[in-house]
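*Asks:* What follows is a single structure, and I will ask about it in a moment.
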Amino acid sequence: MPRGKRIVIEKKIKDPVIGKLKGITIDSLGSARGEVADTLNESIENIVSQAKSLYEQDKLEKERLKSLGLFTLEEAYDELKKGGVNLSFRAFGGRVERRSVRSEKIGKKRLIPKPVIHDWVALNKDFYSVKQAYKELAKVEKLNLRAFIGRIEKRSMPSIKIGTARWVPKSAVEALVHVNKNYYSVGNAVGVLSAKGVKIKRNAFERRLDRNRIPHEKIGGKRMIAKEVMDELIQKELALAQRPRMN
């Protein structure tokens with residue numbers, strides 16, 4: 001790469017996906033979930049209070065449980081399946097027994113409040129489990145599960161813990177898939193430059209990033225360069241290398 005010549009990158013990337021991704025923070029997820037949890041708990045307490053009151057008065061009939069908003073284990077599982085949650089009945093029953101799924105004892109019956117199931121269905125639509133998120137991202141990025149969990153632990157990957165489970169926003173995963181398809185990491189960028197015949201060491205390339213001579217985005221602690229920016233950089237570097245040198 002010729003020295004003493006400043007290349008100006010004119011391409012300006014305005015990527016709404018990046019803005020959306022940066023707006024998904026652990027704090028914002030926690031705040032939104034806190035509001036949902038308050039409403040959820042209020043609804044559950046109201047349903048359980050009504051059911052217990054009727055039970056004490058010996059007025060709680062089996063047919064009335066569902067209308068109050070209380071499901072048997074089988075009914076709750078059917079609702080989950082209708083809502084698109086892919087889980088075996090045995091696994092679901094195990095979660096109820098371990099209390100990772102909230103249930104209530106009314107008389108001799110263990111019942112599951114409807115809001116618990118509806119909340120689960122809603123979470124399933126907007127979030128991935130850690131393994132699901134990893135599998136989606138691993139389709140476009142060379143990544144192992146341990147490394148992905150490390151990103152969650154370091155908070156570079158937004159997630160939220162609800163009950164005993166950790167959830168990753170689908171919108172964040174989709175945005176990262178977009179980034180992996182349309183941006184290069186520093187190491188990949190240097191490799192692409194080399195493959196195109198532009199010789200540069202990684203530390204020299206990083207100095208250009210430090211000086212903002214190459215437009216880039218910082219995502220999850222990593223600097224990423226848009227492919228369109230790289231195309232312009234390669235074109236100008238090759239053109240500069242072909243110019244005759246002045247004596």
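Labels for the structure tokens follow display order: chains A, B, ..., residues from 1 in each chain, ligands from 1.
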Could you give me the residues within chain A that DSSP places in strand (DSSP E), as a PyMOL selection string?

*Replies:* chain A and resi 70-71+104-106+109-113+127-129+160-162+165-169+183-185+217-219+222-226

*Asks:* Restricting the output to N, CA, C and O atoms, write the selected residues as a CSV table (one decimal), in the first residue's frame.

*Replies:*
```csv
chain,number,residue,atom,x,y,z
A,70,LEU,N,-57.6,-20.2,34.4
A,70,LEU,CA,-56.7,-21.2,35.0
A,70,LEU,C,-56.7,-22.5,34.2
A,70,LEU,O,-57.8,-23.0,33.9
A,71,PHE,N,-55.5,-22.9,33.8
A,71,PHE,CA,-55.5,-24.1,32.9
A,71,PHE,C,-55.0,-25.3,33.7
A,71,PHE,O,-54.1,-25.2,34.6
A,104,GLU,N,-50.1,-22.5,40.3
A,104,GLU,CA,-50.8,-22.2,41.6
A,104,GLU,C,-51.6,-23.4,42.1
A,104,GLU,O,-52.2,-24.2,41.3
A,105,LYS,N,-51.6,-23.7,43.4
A,105,LYS,CA,-52.3,-24.8,43.9
A,105,LYS,C,-53.7,-24.2,44.5
A,105,LYS,O,-53.7,-23.4,45.3
A,106,ILE,N,-54.7,-24.7,43.8
A,106,ILE,CA,-56.1,-24.3,44.3
A,106,ILE,C,-56.7,-25.6,44.7
A,106,ILE,O,-57.0,-26.5,44.0
A,109,LYS,N,-55.7,-29.2,43.3
A,109,LYS,CA,-55.3,-29.1,41.9
A,109,LYS,C,-54.1,-28.1,41.7
A,109,LYS,O,-54.1,-27.0,42.3
A,110,ARG,N,-53.1,-28.5,40.9
A,110,ARG,CA,-52.1,-27.5,40.5
A,110,ARG,C,-52.5,-27.0,39.1
A,110,ARG,O,-52.6,-27.7,38.1
A,111,LEU,N,-52.6,-25.7,39.0
A,111,LEU,CA,-53.1,-25.0,37.8
A,111,LEU,C,-52.2,-23.9,37.4
A,111,LEU,O,-51.4,-23.4,38.1
A,112,ILE,N,-52.3,-23.6,36.1
A,112,ILE,CA,-51.4,-22.6,35.5
A,112,ILE,C,-52.2,-21.5,35.0
A,112,ILE,O,-53.1,-21.6,34.2
A,113,PRO,N,-51.9,-20.3,35.5
A,113,PRO,CA,-52.7,-19.1,35.1
A,113,PRO,C,-52.5,-18.8,33.6
A,113,PRO,O,-51.3,-18.9,33.1
A,127,PHE,N,-38.2,-13.4,21.1
A,127,PHE,CA,-36.9,-13.8,21.6
A,127,PHE,C,-36.5,-15.2,21.2
A,127,PHE,O,-37.4,-16.1,20.9
A,128,TYR,N,-35.2,-15.5,21.2
A,128,TYR,CA,-34.6,-16.8,21.0
A,128,TYR,C,-34.1,-17.3,22.4
A,128,TYR,O,-33.7,-16.5,23.2
A,129,SER,N,-34.1,-18.6,22.6
A,129,SER,CA,-33.3,-19.1,23.7
A,129,SER,C,-31.8,-18.9,23.3
A,129,SER,O,-31.5,-18.6,22.1
A,160,ILE,N,-31.7,-11.0,28.2
A,160,ILE,CA,-32.4,-10.8,29.5
A,160,ILE,C,-32.7,-12.1,30.1
A,160,ILE,O,-33.1,-13.1,29.4
A,161,LYS,N,-32.6,-12.2,31.4
A,161,LYS,CA,-33.0,-13.4,32.2
A,161,LYS,C,-34.4,-13.2,32.7
A,161,LYS,O,-34.7,-12.2,33.4
A,162,ILE,N,-35.3,-14.1,32.4
A,162,ILE,CA,-36.7,-14.1,32.8
A,162,ILE,C,-36.9,-15.4,33.5
A,162,ILE,O,-36.9,-16.5,32.8
A,165,ALA,N,-34.7,-18.8,32.8
A,165,ALA,CA,-34.2,-18.8,31.4
A,165,ALA,C,-33.6,-17.5,30.9
A,165,ALA,O,-34.1,-16.4,31.4
A,166,ARG,N,-32.6,-17.6,30.0
A,166,ARG,CA,-32.1,-16.4,29.4
A,166,ARG,C,-32.6,-16.3,28.0
A,166,ARG,O,-32.5,-17.3,27.3
A,167,TRP,N,-33.0,-15.1,27.6
A,167,TRP,CA,-33.6,-14.9,26.3
A,167,TRP,C,-32.7,-13.8,25.5
A,167,TRP,O,-32.3,-12.9,26.1
A,168,VAL,N,-32.6,-14.0,24.2
A,168,VAL,CA,-31.9,-13.1,23.3
A,168,VAL,C,-32.9,-12.6,22.3
A,168,VAL,O,-33.6,-13.3,21.6
A,169,PRO,N,-33.0,-11.2,22.2
A,169,PRO,CA,-34.0,-10.6,21.2
A,169,PRO,C,-33.7,-11.1,19.8
A,169,PRO,O,-32.6,-11.1,19.3
A,183,TYR,N,-20.8,-6.6,6.3
A,183,TYR,CA,-19.6,-5.9,6.9
A,183,TYR,C,-18.5,-6.9,7.0
A,183,TYR,O,-18.7,-8.1,7.2
A,184,TYR,N,-17.2,-6.4,7.1
A,184,TYR,CA,-16.1,-7.2,7.4
A,184,TYR,C,-15.5,-6.8,8.8
A,184,TYR,O,-15.5,-5.6,9.2
A,185,SER,N,-15.0,-7.8,9.5
A,185,SER,CA,-14.3,-7.5,10.7
A,185,SER,C,-12.9,-7.0,10.2
A,185,SER,O,-12.6,-7.1,9.1
A,217,GLU,N,-18.0,1.0,11.9
A,217,GLU,CA,-18.9,0.9,13.0
A,217,GLU,C,-18.4,0.0,14.1
A,217,GLU,O,-17.7,-1.0,13.8
A,218,LYS,N,-18.6,0.4,15.3
A,218,LYS,CA,-18.2,-0.5,16.4
A,218,LYS,C,-19.4,-1.2,16.9
A,218,LYS,O,-20.4,-0.6,17.4
A,219,ILE,N,-19.4,-2.5,16.8
A,219,ILE,CA,-20.5,-3.3,17.2
A,219,ILE,C,-20.1,-4.5,18.1
A,219,ILE,O,-19.2,-5.3,17.7
A,222,LYS,N,-16.4,-4.8,18.6
A,222,LYS,CA,-15.6,-5.0,17.4
A,222,LYS,C,-15.8,-4.0,16.3
A,222,LYS,O,-16.9,-3.5,16.1
A,223,ARG,N,-14.7,-3.6,15.6
A,223,ARG,CA,-14.9,-2.6,14.6
A,223,ARG,C,-15.2,-3.4,13.3
A,223,ARG,O,-14.5,-4.3,12.9
A,224,MET,N,-16.3,-2.9,12.6
A,224,MET,CA,-16.7,-3.5,11.4
A,224,MET,C,-16.8,-2.5,10.3
A,224,MET,O,-17.2,-1.4,10.4
A,225,ILE,N,-16.3,-3.0,9.1
A,225,ILE,CA,-16.2,-2.1,7.9
A,225,ILE,C,-17.2,-2.6,6.8
A,225,ILE,O,-17.2,-3.7,6.5
A,226,ALA,N,-18.1,-1.7,6.4
A,226,ALA,CA,-19.0,-2.0,5.3
A,226,ALA,C,-18.4,-2.5,4.1
A,226,ALA,O,-17.3,-2.0,3.7
```

*Asks:* Would you pick out the contacts of Gly83 in chain A at 10 Å or less, using only C-alpha atoms, so that residues sharing its chain but fewer than 6 positions from it are not included, and give the list as a PyMOL selection string?

*Replies:* chain A and resi 77+117-118+120-122+124-125

*Asks:* Dump all heavy atoms for the selected residues as a compact mmCIF listing (two decimals), in the first residue's frame?

*Replies:*
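Saved file out-v2.txt follows:
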```
# COMPACT_ATOMS: atom_id res chain seq x y z
N TYR A 77 -50.53 -26.84 28.07
CA TYR A 77 -49.63 -27.35 27.04
C TYR A 77 -50.24 -27.17 25.65
O TYR A 77 -49.55 -26.78 24.70
CB TYR A 77 -49.33 -28.84 27.29
CG TYR A 77 -48.43 -29.45 26.24
CD1 TYR A 77 -47.08 -29.09 26.17
CD2 TYR A 77 -48.93 -30.36 25.31
CE1 TYR A 77 -46.25 -29.64 25.20
CE2 TYR A 77 -48.11 -30.92 24.35
CZ TYR A 77 -46.77 -30.55 24.30
OH TYR A 77 -45.95 -31.10 23.33
N ILE A 117 -48.95 -18.52 30.34
CA ILE A 117 -48.84 -19.18 29.04
C ILE A 117 -48.78 -18.15 27.91
O ILE A 117 -47.97 -18.25 27.00
CB ILE A 117 -50.00 -20.15 28.83
CG1 ILE A 117 -50.00 -21.23 29.92
CG2 ILE A 117 -49.93 -20.79 27.44
CD1 ILE A 117 -48.72 -22.03 30.01
N HIS A 118 -49.64 -17.14 28.00
CA HIS A 118 -49.67 -16.11 26.95
C HIS A 118 -48.36 -15.31 26.93
O HIS A 118 -47.90 -14.90 25.86
CB HIS A 118 -50.87 -15.19 27.16
CG HIS A 118 -52.16 -15.85 26.80
ND1 HIS A 118 -53.38 -15.22 26.86
CD2 HIS A 118 -52.44 -17.12 26.37
CE1 HIS A 118 -54.34 -16.04 26.48
NE2 HIS A 118 -53.79 -17.21 26.19
N TRP A 120 -45.43 -16.54 27.76
CA TRP A 120 -44.46 -17.46 27.17
C TRP A 120 -44.55 -17.44 25.65
O TRP A 120 -43.54 -17.39 24.93
CB TRP A 120 -44.70 -18.87 27.71
CG TRP A 120 -43.62 -19.86 27.43
CD1 TRP A 120 -42.60 -19.77 26.53
CD2 TRP A 120 -43.45 -21.14 28.06
NE1 TRP A 120 -41.81 -20.90 26.55
CE2 TRP A 120 -42.32 -21.75 27.48
CE3 TRP A 120 -44.15 -21.82 29.05
CZ2 TRP A 120 -41.87 -23.01 27.87
CZ3 TRP A 120 -43.71 -23.08 29.43
CH2 TRP A 120 -42.58 -23.66 28.85
N VAL A 121 -45.78 -17.46 25.13
CA VAL A 121 -46.00 -17.43 23.69
C VAL A 121 -45.47 -16.12 23.10
O VAL A 121 -44.81 -16.11 22.05
CB VAL A 121 -47.50 -17.59 23.36
CG1 VAL A 121 -47.77 -17.31 21.88
CG2 VAL A 121 -47.98 -19.00 23.72
N ALA A 122 -45.72 -15.00 23.79
CA ALA A 122 -45.24 -13.70 23.33
C ALA A 122 -43.71 -13.65 23.33
O ALA A 122 -43.10 -13.13 22.39
CB ALA A 122 -45.80 -12.59 24.22
N ASN A 124 -41.71 -16.16 22.99
CA ASN A 124 -41.25 -17.05 21.93
C ASN A 124 -41.28 -16.37 20.57
O ASN A 124 -40.49 -16.70 19.68
CB ASN A 124 -42.13 -18.31 21.91
CG ASN A 124 -41.55 -19.42 21.05
OD1 ASN A 124 -40.48 -19.93 21.31
ND2 ASN A 124 -42.27 -19.78 19.99
N LYS A 125 -42.17 -15.40 20.40
CA LYS A 125 -42.28 -14.69 19.13
C LYS A 125 -41.19 -13.63 18.98
O LYS A 125 -40.75 -13.32 17.87
CB LYS A 125 -43.66 -14.05 19.00
CG LYS A 125 -44.78 -15.05 18.77
CD LYS A 125 -46.13 -14.36 18.70
CE LYS A 125 -47.24 -15.38 18.45
NZ LYS A 125 -48.58 -14.74 18.46
```

*Asks:* Go through range 88-133 of chain A and collect every residue that DSSP, computed from the backbone, puts in alpha helix (DSSP H); the answer should be as a PyMOL selection string.

*Replies:* chain A and resi 89-97+114-126+130-133

*Asks:* Quick one: of A:Met157, A:Ile9, A:Val17, A:Ser43, who's nearest to Leu233 in chain A, counting only C-alpha atoms?

*Replies:*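 Checking each of A:Met157, A:Ile9, A:Val17, A:Ser43 against Leu233 in chain A, counting only C-alpha atoms, the winner is A:Ile9.
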
*Asks:* Could you give me, as a ChimeraX atom specification, the residues within 8 Å of range 188-199 of chain A, counting only C-alpha atoms and dropping anything in the same chain fewer than 5 positions from it?

*Replies:* /A:1,205,225,230,234,237-238

*Asks:* Output the selection as a PDB file, in the first residue's frame - N, CA, C and O atoms for each residue.

*Replies:*
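Everything below was put into result23.pdb:
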```
ATOM      1  N   MET A   1       0.851  -1.189   0.000  1.00  0.00           N
ATOM      2  CA  MET A   1       0.000   0.000   0.000  1.00  0.00           C
ATOM      3  C   MET A   1       0.886   1.237   0.000  1.00  0.00           C
ATOM      4  O   MET A   1       1.709   1.407   0.899  1.00  0.00           O
ATOM      5  N   PHE A 205      -3.491  -0.898   9.117  1.00  0.00           N
ATOM      6  CA  PHE A 205      -4.909  -0.757   8.792  1.00  0.00           C
ATOM      7  C   PHE A 205      -5.684  -0.225  10.003  1.00  0.00           C
ATOM      8  O   PHE A 205      -6.547   0.653   9.881  1.00  0.00           O
ATOM      9  N   ILE A 225     -16.328  -2.952   9.063  1.00  0.00           N
ATOM     10  CA  ILE A 225     -16.231  -2.076   7.902  1.00  0.00           C
ATOM     11  C   ILE A 225     -17.203  -2.573   6.840  1.00  0.00           C
ATOM     12  O   ILE A 225     -17.190  -3.749   6.463  1.00  0.00           O
ATOM     13  N   MET A 230     -15.237  -0.970   1.692  1.00  0.00           N
ATOM     14  CA  MET A 230     -14.064  -1.750   1.289  1.00  0.00           C
ATOM     15  C   MET A 230     -13.898  -1.773  -0.225  1.00  0.00           C
ATOM     16  O   MET A 230     -12.781  -1.708  -0.741  1.00  0.00           O
ATOM     17  N   ILE A 234     -10.466  -0.504  -1.972  1.00  0.00           N
ATOM     18  CA  ILE A 234      -9.673  -1.376  -2.853  1.00  0.00           C
ATOM     19  C   ILE A 234      -9.480  -0.726  -4.218  1.00  0.00           C
ATOM     20  O   ILE A 234      -8.374  -0.697  -4.770  1.00  0.00           O
ATOM     21  N   GLU A 237      -7.013   2.191  -3.867  1.00  0.00           N
ATOM     22  CA  GLU A 237      -5.657   1.727  -3.565  1.00  0.00           C
ATOM     23  C   GLU A 237      -4.996   1.134  -4.814  1.00  0.00           C
ATOM     24  O   GLU A 237      -3.822   1.398  -5.096  1.00  0.00           O
ATOM     25  N   LEU A 238      -5.741   0.371  -5.574  1.00  0.00           N
ATOM     26  CA  LEU A 238      -5.184  -0.227  -6.792  1.00  0.00           C
ATOM     27  C   LEU A 238      -4.883   0.847  -7.840  1.00  0.00           C
ATOM     28  O   LEU A 238      -3.871   0.782  -8.536  1.00  0.00           O
TER      29      LEU A 238
END
```

*Asks:* Provide the CA of Gly187 in chain A to CA of Pro16 in chain A distance in Å, to one decimal place.

*Replies:*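 It comes out at 24.4 Å.
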